[in-house]
Amino acid sequence: MFLKRKTIAVNYEVALETLGGDENRLTRLIKYGVIEQTGDSLELSDVYLRFFEEVLSANEIINIAFVKTYIDKLNLDINSYLVEENKARKEKIAREIRYTFKRIENTTRNNVKDLKHKVDDTYKQEPNFKIKELRLNDFDEKAKHIGELIHQTESLIDKQSIFFANMDIGMRQTISDVKAGLRDSAHGLIAITAQIIDYLNRIEYQSRLVKKVRQLKYLKDQFMIEEGTDIKKMLANTNDLWMERQPKYITRVSLDFLRDDDAALEILSNTRARLSKKANIKSRLAPSIDKRYLEEQPETSRMFDHQGIINGFLAQGNDLFRYIWLYKFEQETDEESRLVLFLQLASQYNEYLRYTSETGLSGNIEYPIIYPK
């Protein structure tokens with residue numbers, strides 16, 4: 001039924017025969033909404049139809065009504081995360097933010113792919129020039145909407161860069177993947193827009209050409225073509241042979257000539273030289289890649305024990321910034337890493353901290369004074 005979704009509706013008797021005559025199975029499919037029945041015709045439910053189209057990447061509907069919805073949801077979730085105090089709820093909101101970013105990246109990539117397919121298919125298959133032009137102009141508008149989503153998403157990531165920098169490694173990896181995916185989609189969108197412009201220019205040229213041909217046919221049918229045009233003069237000056245392919249004649253050497261004539265030695269020598277060049281090219285191919293380079297290599301990243309550090313901070317009387325700044329780590333830690341750690345602890349463990357209105361200064365860094373409760 002999915003394969004025939006655009007051609008015909010399946011007849012009830014045909015569907016029953018396909019199921020081996022088991023009417024109970026067909027009745028259950030109709031009862032649970034998998035199949036919809038209209039008279040004697042059966043069709044796949046719209047919910048399952050869209051599901052199969054998404055899974056099989058066979059969706060031809062370009063959804064552009066999601067730009068404001070996704071951006072508003074991201075802003076709402078980020079603001080909710082900042083004001084939420086419960087740790088479990090903050091983690092749930094963070095997961096929602098990650099899922100929304102992934103949906104944006106996947107939807108954008110699929111829309112760009114579907115848009116390219118629809119543009120090519122419309123130009124090559126649609127016989128009506130006017131309909132072809134209208135659809136290509138519509139695709140151009142949809143490309144602008146997709147580009148607007150990419151622009152707004154990238155602007156949101158740049159605007160909230162400090163927020164994402166203070167999140168866990170999973171969020172930072174998601175943001176990195178989304179930015180790379182949106183960049184690829186933007187490049188594909190540029191190519192599609194250029195293709196649409198080229199197709200529209202071709203349609204305009206072809207439309208003018210068809211219009212002139214129709215005018216000539218009208219004049220010919222009215223026996224006015226010779227008096228109303230200079231077609232005889234134009235045809236007299238036209239060399240039609242340039243449209244013909246240039247003939248190529250291949251003369252094969254006979255076996256008797258190769259065996260008995262001394263002149264054949266030169267031909268055999270040239271043939272041998274060409275074959276030896278091909279062999280030399282093949283022998284200069286690079287060797288196979290060493291298996292060591294194809295093996296997975298573990299990548300070690302440094303992680304701080306946030307809970308252990310905050311427990312040590314709560315057991316002393318210094319403020320949080322000075323405590324992090326003077327903390328003796330097992331490995332050498334630069335100022336930037338200490339500053340990031342300070343921001344992470346200040347945002348993750350606010351229920352254990354007492355924020356004051358005072359600020360301190362360390363070099364060119366001004367920081368809030370935070371004590372344990």
# chains A, B, ... in the order shown; residues from 1 in each chain; ligands from 1
call {"tool": "residues_around", "arguments": {"residues": "range 262-268 of chain A", "least_positions_apart": "6", "cutoff": "10 Å", "atoms": "only C-alpha atoms", "output": "ChimeraX atom specification"}}
result
/A:253,255-256
call {"tool": "write_last_selection", "arguments": {"atoms": "all heavy atoms", "output": "mmCIF file, in the first residue's frame"}}
result
data_model
loop_
_atom_site.group_PDB
_atom_site.id
_atom_site.type_symbol
_atom_site.label_atom_id
_atom_site.label_comp_id
_atom_site.auth_asym_id
_atom_site.auth_seq_id
_atom_site.Cartn_x
_atom_site.Cartn_y
_atom_site.Cartn_z
ATOM 1 N N VAL A 253 43.864 -3.397 -39.280
ATOM 2 C CA VAL A 253 45.003 -4.032 -39.955
ATOM 3 C C VAL A 253 44.719 -5.525 -40.086
ATOM 4 O O VAL A 253 44.298 -6.174 -39.131
ATOM 5 C CB VAL A 253 46.299 -3.789 -39.153
ATOM 6 C CG1 VAL A 253 47.480 -4.431 -39.878
ATOM 7 C CG2 VAL A 253 46.523 -2.299 -38.960
ATOM 8 N N LEU A 255 45.504 -9.595 -40.532
ATOM 9 C CA LEU A 255 46.470 -10.509 -39.916
ATOM 10 C C LEU A 255 47.596 -10.858 -40.893
ATOM 11 O O LEU A 255 48.757 -11.022 -40.486
ATOM 12 C CB LEU A 255 45.743 -11.783 -39.465
ATOM 13 C CG LEU A 255 44.716 -11.593 -38.332
ATOM 14 C CD1 LEU A 255 44.039 -12.927 -38.021
ATOM 15 C CD2 LEU A 255 45.414 -11.055 -37.079
ATOM 16 N N ASP A 256 47.274 -10.966 -42.172
ATOM 17 C CA ASP A 256 48.306 -11.268 -43.162
ATOM 18 C C ASP A 256 49.337 -10.145 -43.223
ATOM 19 O O ASP A 256 50.549 -10.397 -43.360
ATOM 20 C CB ASP A 256 47.665 -11.474 -44.546
ATOM 21 C CG ASP A 256 46.778 -12.714 -44.586
ATOM 22 O OD1 ASP A 256 47.039 -13.627 -43.768
ATOM 23 O OD2 ASP A 256 45.848 -12.745 -45.409
#
call {"tool": "residues_around", "arguments": {"residues": "Leu156 in chain A", "least_positions_apart": "5", "cutoff": "9 Å", "atoms": "only C-alpha atoms", "output": "list of chain:residue names"}}
result
A:Ile71, A:Leu74, A:Asn75, A:His151, A:Ser161
call {"tool": "closest_residue", "arguments": {"among": "A:Ala191, A:Ile225, A:Ile324, A:Ala15", "to": "Ile35 in chain A", "atoms": "only C-alpha atoms"}}
result
A:Ala15
call {"tool": "select_by_dssp", "arguments": {"residues": "range 135-270 of chain A", "states": "helix (DSSP H, G or I)", "output": "ChimeraX atom specification"}}
result
/A:135-159,161-165,169-221,225-228,231-236,240-243,255-260,264-270
call {"tool": "closest_residue", "arguments": {"among": "A:Ala273, A:Phe223, A:His187, A:Tyr371", "to": "Phe313 in chain A", "atoms": "only C-alpha atoms"}}
result
A:Tyr371
call {"tool": "residues_around", "arguments": {"residues": "Asn79 in chain A", "least_positions_apart": "6", "cutoff": "12 Å", "atoms": "only C-alpha atoms", "output": "VMD selection string"}}
result
chain A and resid 72 to 73 90 93 to 94 97 160 163
call {"tool": "write_last_selection", "arguments": {"atoms": "C-alpha atoms", "output": "mmCIF file, in the first residue's frame"}}
result
data_model
loop_
_atom_site.group_PDB
_atom_site.id
_atom_site.type_symbol
_atom_site.label_atom_id
_atom_site.label_comp_id
_atom_site.auth_asym_id
_atom_site.auth_seq_id
_atom_site.Cartn_x
_atom_site.Cartn_y
_atom_site.Cartn_z
ATOM 1 C CA ASP A 72 10.889 29.801 20.279
ATOM 2 C CA LYS A 73 11.169 26.352 21.897
ATOM 3 C CA LYS A 90 17.658 20.888 34.827
ATOM 4 C CA ILE A 93 15.532 20.434 30.182
ATOM 5 C CA ALA A 94 19.110 20.041 28.914
ATOM 6 C CA ILE A 97 17.553 21.324 24.255
ATOM 7 C CA GLN A 160 24.311 31.721 23.955
ATOM 8 C CA PHE A 163 25.761 29.148 28.241
#
call {"tool": "closest_residue", "arguments": {"among": "A:Arg109, A:Arg292, A:Lys373, A:Lys92", "to": "Asn318 in chain A", "atoms": "only C-alpha atoms"}}
result
A:Lys373
call {"tool": "residues_around", "arguments": {"residues": "Val83 in chain A", "least_positions_apart": "6", "cutoff": "12 Å", "atoms": "only C-alpha atoms", "output": "number ranges by chain"}}
result
A: 76-77, 89-90, 93, 347-348, 350
call {"tool": "residues_around", "arguments": {"residues": "range 326-331 of chain A", "least_positions_apart": "5", "cutoff": "10 Å", "atoms": "only C-alpha atoms", "output": "list in words"}}
result
Arg302, Phe304, Ile309, Gly312, Phe313, Phe321 and Arg338 of chain A
call {"tool": "closest_residue", "arguments": {"among": "A:Pro127, A:Gly39, A:Gly33, A:Pro372", "to": "Glu351 in chain A", "atoms": "only C-alpha atoms"}}
result
A:Pro372
call {"tool": "residues_around", "arguments": {"residues": "range 131-147 of chain A", "least_positions_apart": "3", "cutoff": "9 Å", "atoms": "only C-alpha atoms", "output": "PDB file with N, CA, C and O atoms, in the first residue's frame"}}
result
ATOM      1  N   ILE A  62       8.108  19.522   1.699  1.00  0.00           N
ATOM      2  CA  ILE A  62       9.150  20.360   2.289  1.00  0.00           C
ATOM      3  C   ILE A  62       8.498  21.237   3.345  1.00  0.00           C
ATOM      4  O   ILE A  62       7.740  22.148   3.035  1.00  0.00           O
ATOM      5  N   ASN A  63       8.771  20.931   4.605  1.00  0.00           N
ATOM      6  CA  ASN A  63       8.126  21.623   5.720  1.00  0.00           C
ATOM      7  C   ASN A  63       8.918  22.876   6.071  1.00  0.00           C
ATOM      8  O   ASN A  63      10.059  22.798   6.508  1.00  0.00           O
ATOM      9  N   ILE A  64       8.295  24.042   5.873  1.00  0.00           N
ATOM     10  CA  ILE A  64       8.975  25.305   6.187  1.00  0.00           C
ATOM     11  C   ILE A  64       8.254  26.063   7.292  1.00  0.00           C
ATOM     12  O   ILE A  64       8.576  27.216   7.570  1.00  0.00           O
ATOM     13  N   ALA A  65       7.269  25.422   7.944  1.00  0.00           N
ATOM     14  CA  ALA A  65       6.495  26.096   8.976  1.00  0.00           C
ATOM     15  C   ALA A  65       7.076  25.876  10.366  1.00  0.00           C
ATOM     16  O   ALA A  65       6.408  26.062  11.364  1.00  0.00           O
ATOM     17  N   VAL A  67      10.229  27.139  11.463  1.00  0.00           N
ATOM     18  CA  VAL A  67      11.314  28.054  11.821  1.00  0.00           C
ATOM     19  C   VAL A  67      11.044  28.702  13.167  1.00  0.00           C
ATOM     20  O   VAL A  67      11.810  28.546  14.130  1.00  0.00           O
ATOM     21  N   THR A 108      16.529  20.079   8.672  1.00  0.00           N
ATOM     22  CA  THR A 108      17.151  20.953   7.673  1.00  0.00           C
ATOM     23  C   THR A 108      17.855  20.135   6.598  1.00  0.00           C
ATOM     24  O   THR A 108      17.712  20.407   5.400  1.00  0.00           O
ATOM     25  N   ASN A 111      15.253  18.469   4.388  1.00  0.00           N
ATOM     26  CA  ASN A 111      14.572  19.436   3.527  1.00  0.00           C
ATOM     27  C   ASN A 111      15.455  19.873   2.363  1.00  0.00           C
ATOM     28  O   ASN A 111      14.972  20.064   1.244  1.00  0.00           O
ATOM     29  N   VAL A 112      16.743  20.066   2.620  1.00  0.00           N
ATOM     30  CA  VAL A 112      17.658  20.446   1.543  1.00  0.00           C
ATOM     31  C   VAL A 112      17.748  19.324   0.502  1.00  0.00           C
ATOM     32  O   VAL A 112      17.716  19.576  -0.713  1.00  0.00           O
ATOM     33  N   LEU A 115      14.447  19.215  -1.363  1.00  0.00           N
ATOM     34  CA  LEU A 115      14.310  20.387  -2.233  1.00  0.00           C
ATOM     35  C   LEU A 115      15.106  20.207  -3.515  1.00  0.00           C
ATOM     36  O   LEU A 115      14.619  20.528  -4.608  1.00  0.00           O
ATOM     37  N   LYS A 118      13.205  17.783  -5.731  1.00  0.00           N
ATOM     38  CA  LYS A 118      11.999  18.371  -6.309  1.00  0.00           C
ATOM     39  C   LYS A 118      12.326  19.381  -7.403  1.00  0.00           C
ATOM     40  O   LYS A 118      11.627  19.462  -8.413  1.00  0.00           O
ATOM     41  N   VAL A 119      13.394  20.164  -7.205  1.00  0.00           N
ATOM     42  CA  VAL A 119      13.779  21.151  -8.217  1.00  0.00           C
ATOM     43  C   VAL A 119      14.166  20.451  -9.518  1.00  0.00           C
ATOM     44  O   VAL A 119      13.691  20.817 -10.606  1.00  0.00           O
ATOM     45  N   THR A 122      11.035  18.723 -11.109  1.00  0.00           N
ATOM     46  CA  THR A 122      10.085  19.672 -11.705  1.00  0.00           C
ATOM     47  C   THR A 122      10.585  20.195 -13.042  1.00  0.00           C
ATOM     48  O   THR A 122       9.832  20.275 -14.020  1.00  0.00           O
ATOM     49  N   TYR A 123      11.856  20.546 -13.108  1.00  0.00           N
ATOM     50  CA  TYR A 123      12.393  21.091 -14.362  1.00  0.00           C
ATOM     51  C   TYR A 123      12.407  20.046 -15.477  1.00  0.00           C
ATOM     52  O   TYR A 123      12.119  20.361 -16.638  1.00  0.00           O
ATOM     53  N   GLN A 125      10.561  17.060 -15.600  1.00  0.00           N
ATOM     54  CA  GLN A 125       9.353  16.274 -15.844  1.00  0.00           C
ATOM     55  C   GLN A 125       8.118  17.109 -16.139  1.00  0.00           C
ATOM     56  O   GLN A 125       7.230  16.643 -16.850  1.00  0.00           O
ATOM     57  N   GLU A 126       8.026  18.324 -15.603  1.00  0.00           N
ATOM     58  CA  GLU A 126       6.821  19.130 -15.791  1.00  0.00           C
ATOM     59  C   GLU A 126       6.751  19.654 -17.230  1.00  0.00           C
ATOM     60  O   GLU A 126       7.622  20.407 -17.666  1.00  0.00           O
ATOM     61  N   PRO A 127       5.688  19.302 -17.999  1.00  0.00           N
ATOM     62  CA  PRO A 127       5.631  19.718 -19.413  1.00  0.00           C
ATOM     63  C   PRO A 127       5.159  21.155 -19.612  1.00  0.00           C
ATOM     64  O   PRO A 127       5.449  21.762 -20.649  1.00  0.00           O
ATOM     65  N   ASN A 128       4.400  21.701 -18.647  1.00  0.00           N
ATOM     66  CA  ASN A 128       3.848  23.038 -18.799  1.00  0.00           C
ATOM     67  C   ASN A 128       4.850  24.077 -18.309  1.00  0.00           C
ATOM     68  O   ASN A 128       5.256  24.062 -17.137  1.00  0.00           O
ATOM     69  N   ILE A 150      18.489  28.219   9.333  1.00  0.00           N
ATOM     70  CA  ILE A 150      19.926  28.017   9.553  1.00  0.00           C
ATOM     71  C   ILE A 150      20.536  29.264  10.171  1.00  0.00           C
ATOM     72  O   ILE A 150      21.304  29.194  11.145  1.00  0.00           O
ATOM     73  N   HIS A 151      20.185  30.430   9.631  1.00  0.00           N
ATOM     74  CA  HIS A 151      20.739  31.691  10.144  1.00  0.00           C
ATOM     75  C   HIS A 151      20.317  31.930  11.589  1.00  0.00           C
ATOM     76  O   HIS A 151      21.149  32.298  12.440  1.00  0.00           O
ATOM     77  N   GLN A 152      19.035  31.731  11.903  1.00  0.00           N
ATOM     78  CA  GLN A 152      18.561  31.981  13.261  1.00  0.00           C
ATOM     79  C   GLN A 152      19.149  30.992  14.258  1.00  0.00           C
ATOM     80  O   GLN A 152      19.455  31.358  15.388  1.00  0.00           O
ATOM     81  N   SER A 185      24.458  22.023   5.150  1.00  0.00           N
ATOM     82  CA  SER A 185      23.149  22.310   4.559  1.00  0.00           C
ATOM     83  C   SER A 185      23.141  23.681   3.890  1.00  0.00           C
ATOM     84  O   SER A 185      22.542  23.858   2.821  1.00  0.00           O
ATOM     85  N   ALA A 186      23.819  24.659   4.506  1.00  0.00           N
ATOM     86  CA  ALA A 186      23.874  25.999   3.913  1.00  0.00           C
ATOM     87  C   ALA A 186      24.605  25.976   2.577  1.00  0.00           C
ATOM     88  O   ALA A 186      24.176  26.622   1.607  1.00  0.00           O
ATOM     89  N   LEU A 189      22.324  24.492   0.083  1.00  0.00           N
ATOM     90  CA  LEU A 189      21.251  25.437  -0.242  1.00  0.00           C
ATOM     91  C   LEU A 189      21.720  26.485  -1.246  1.00  0.00           C
ATOM     92  O   LEU A 189      20.956  26.905  -2.126  1.00  0.00           O
ATOM     93  N   ILE A 190      22.972  26.906  -1.126  1.00  0.00           N
ATOM     94  CA  ILE A 190      23.526  27.869  -2.091  1.00  0.00           C
ATOM     95  C   ILE A 190      23.542  27.264  -3.493  1.00  0.00           C
ATOM     96  O   ILE A 190      23.168  27.916  -4.494  1.00  0.00           O
ATOM     97  N   ILE A 192      21.597  24.857  -4.613  1.00  0.00           N
ATOM     98  CA  ILE A 192      20.218  24.698  -5.081  1.00  0.00           C
ATOM     99  C   ILE A 192      19.669  26.026  -5.583  1.00  0.00           C
ATOM    100  O   ILE A 192      19.010  26.089  -6.632  1.00  0.00           O
ATOM    101  N   THR A 193      19.937  27.113  -4.852  1.00  0.00           N
ATOM    102  CA  THR A 193      19.456  28.434  -5.272  1.00  0.00           C
ATOM    103  C   THR A 193      20.043  28.820  -6.624  1.00  0.00           C
ATOM    104  O   THR A 193      19.339  29.340  -7.497  1.00  0.00           O
ATOM    105  N   ILE A 196      18.226  26.840  -9.263  1.00  0.00           N
ATOM    106  CA  ILE A 196      16.886  27.373  -9.539  1.00  0.00           C
ATOM    107  C   ILE A 196      16.972  28.577 -10.467  1.00  0.00           C
ATOM    108  O   ILE A 196      16.190  28.715 -11.421  1.00  0.00           O
ATOM    109  N   ILE A 197      17.930  29.480 -10.193  1.00  0.00           N
ATOM    110  CA  ILE A 197      18.098  30.660 -11.052  1.00  0.00           C
ATOM    111  C   ILE A 197      18.441  30.243 -12.477  1.00  0.00           C
ATOM    112  O   ILE A 197      17.903  30.793 -13.450  1.00  0.00           O
ATOM    113  N   TYR A 199      17.691  27.368 -13.933  1.00  0.00           N
ATOM    114  CA  TYR A 199      16.500  26.762 -14.543  1.00  0.00           C
ATOM    115  C   TYR A 199      15.493  27.827 -14.961  1.00  0.00           C
ATOM    116  O   TYR A 199      14.864  27.719 -16.033  1.00  0.00           O
ATOM    117  N   LEU A 200      15.286  28.851 -14.123  1.00  0.00           N
ATOM    118  CA  LEU A 200      14.336  29.910 -14.472  1.00  0.00           C
ATOM    119  C   LEU A 200      14.789  30.676 -15.722  1.00  0.00           C
ATOM    120  O   LEU A 200      13.966  31.044 -16.563  1.00  0.00           O
ATOM    121  N   ILE A 203      14.010  28.489 -18.652  1.00  0.00           N
ATOM    122  CA  ILE A 203      12.574  28.480 -18.941  1.00  0.00           C
ATOM    123  C   ILE A 203      12.175  29.750 -19.681  1.00  0.00           C
ATOM    124  O   ILE A 203      11.383  29.708 -20.636  1.00  0.00           O
ATOM    125  N   GLU A 204      12.711  30.878 -19.254  1.00  0.00           N
ATOM    126  CA  GLU A 204      12.395  32.141 -19.930  1.00  0.00           C
ATOM    127  C   GLU A 204      12.858  32.110 -21.386  1.00  0.00           C
ATOM    128  O   GLU A 204      12.123  32.534 -22.292  1.00  0.00           O
TER     129      GLU A 204
END
call {"tool": "decode", "arguments": {"residues": "range 93-111 of chain A", "atoms": "N, CA and C atoms", "output": "mmCIF file, in the first residue's frame"}}
result
data_model
loop_
_atom_site.group_PDB
_atom_site.id
_atom_site.type_symbol
_atom_site.label_atom_id
_atom_site.label_comp_id
_atom_site.auth_asym_id
_atom_site.auth_seq_id
_atom_site.Cartn_x
_atom_site.Cartn_y
_atom_site.Cartn_z
ATOM 1 N N ILE A 93 15.615 19.309 31.115
ATOM 2 C CA ILE A 93 15.532 20.434 30.182
ATOM 3 C C ILE A 93 16.722 20.433 29.234
ATOM 4 N N ALA A 94 17.914 20.096 29.759
ATOM 5 C CA ALA A 94 19.110 20.041 28.914
ATOM 6 C C ALA A 94 18.956 18.993 27.819
ATOM 7 N N ARG A 95 18.348 17.845 28.172
ATOM 8 C CA ARG A 95 18.110 16.822 27.150
ATOM 9 C C ARG A 95 17.140 17.323 26.086
ATOM 10 N N GLU A 96 16.118 18.065 26.502
ATOM 11 C CA GLU A 96 15.175 18.630 25.536
ATOM 12 C C GLU A 96 15.873 19.592 24.576
ATOM 13 N N ILE A 97 16.802 20.386 25.102
ATOM 14 C CA ILE A 97 17.553 21.324 24.255
ATOM 15 C C ILE A 97 18.371 20.554 23.223
ATOM 16 N N ARG A 98 19.036 19.478 23.673
ATOM 17 C CA ARG A 98 19.843 18.667 22.750
ATOM 18 C C ARG A 98 18.967 18.043 21.671
ATOM 19 N N TYR A 99 17.805 17.492 22.066
ATOM 20 C CA TYR A 99 16.916 16.850 21.096
ATOM 21 C C TYR A 99 16.388 17.865 20.087
ATOM 22 N N THR A 100 16.075 19.075 20.549
ATOM 23 C CA THR A 100 15.567 20.098 19.633
ATOM 24 C C THR A 100 16.631 20.474 18.608
ATOM 25 N N PHE A 101 17.876 20.636 19.056
ATOM 26 C CA PHE A 101 18.962 20.941 18.123
ATOM 27 C C PHE A 101 19.131 19.824 17.104
ATOM 28 N N LYS A 102 19.059 18.568 17.561
ATOM 29 C CA LYS A 102 19.204 17.446 16.630
ATOM 30 C C LYS A 102 18.058 17.420 15.615
ATOM 31 N N ARG A 103 16.830 17.724 16.079
ATOM 32 C CA ARG A 103 15.697 17.754 15.155
ATOM 33 C C ARG A 103 15.871 18.856 14.112
ATOM 34 N N ILE A 104 16.380 20.005 14.546
ATOM 35 C CA ILE A 104 16.623 21.096 13.594
ATOM 36 C C ILE A 104 17.626 20.659 12.533
ATOM 37 N N GLU A 105 18.724 20.031 12.975
ATOM 38 C CA GLU A 105 19.772 19.619 12.025
ATOM 39 C C GLU A 105 19.260 18.553 11.063
ATOM 40 N N ASN A 106 18.514 17.555 11.587
ATOM 41 C CA ASN A 106 17.990 16.485 10.727
ATOM 42 C C ASN A 106 16.934 17.010 9.761
ATOM 43 N N THR A 107 16.012 17.846 10.272
ATOM 44 C CA THR A 107 14.959 18.386 9.417
ATOM 45 C C THR A 107 15.544 19.260 8.315
ATOM 46 N N THR A 108 16.529 20.079 8.672
ATOM 47 C CA THR A 108 17.151 20.953 7.673
ATOM 48 C C THR A 108 17.855 20.135 6.598
ATOM 49 N N ARG A 109 18.611 19.121 7.016
ATOM 50 C CA ARG A 109 19.329 18.286 6.044
ATOM 51 C C ARG A 109 18.349 17.565 5.109
ATOM 52 N N ASN A 110 17.263 17.005 5.673
ATOM 53 C CA ASN A 110 16.284 16.304 4.839
ATOM 54 C C ASN A 110 15.569 17.263 3.894
ATOM 55 N N ASN A 111 15.253 18.469 4.388
ATOM 56 C CA ASN A 111 14.572 19.436 3.527
ATOM 57 C C ASN A 111 15.455 19.873 2.363
#
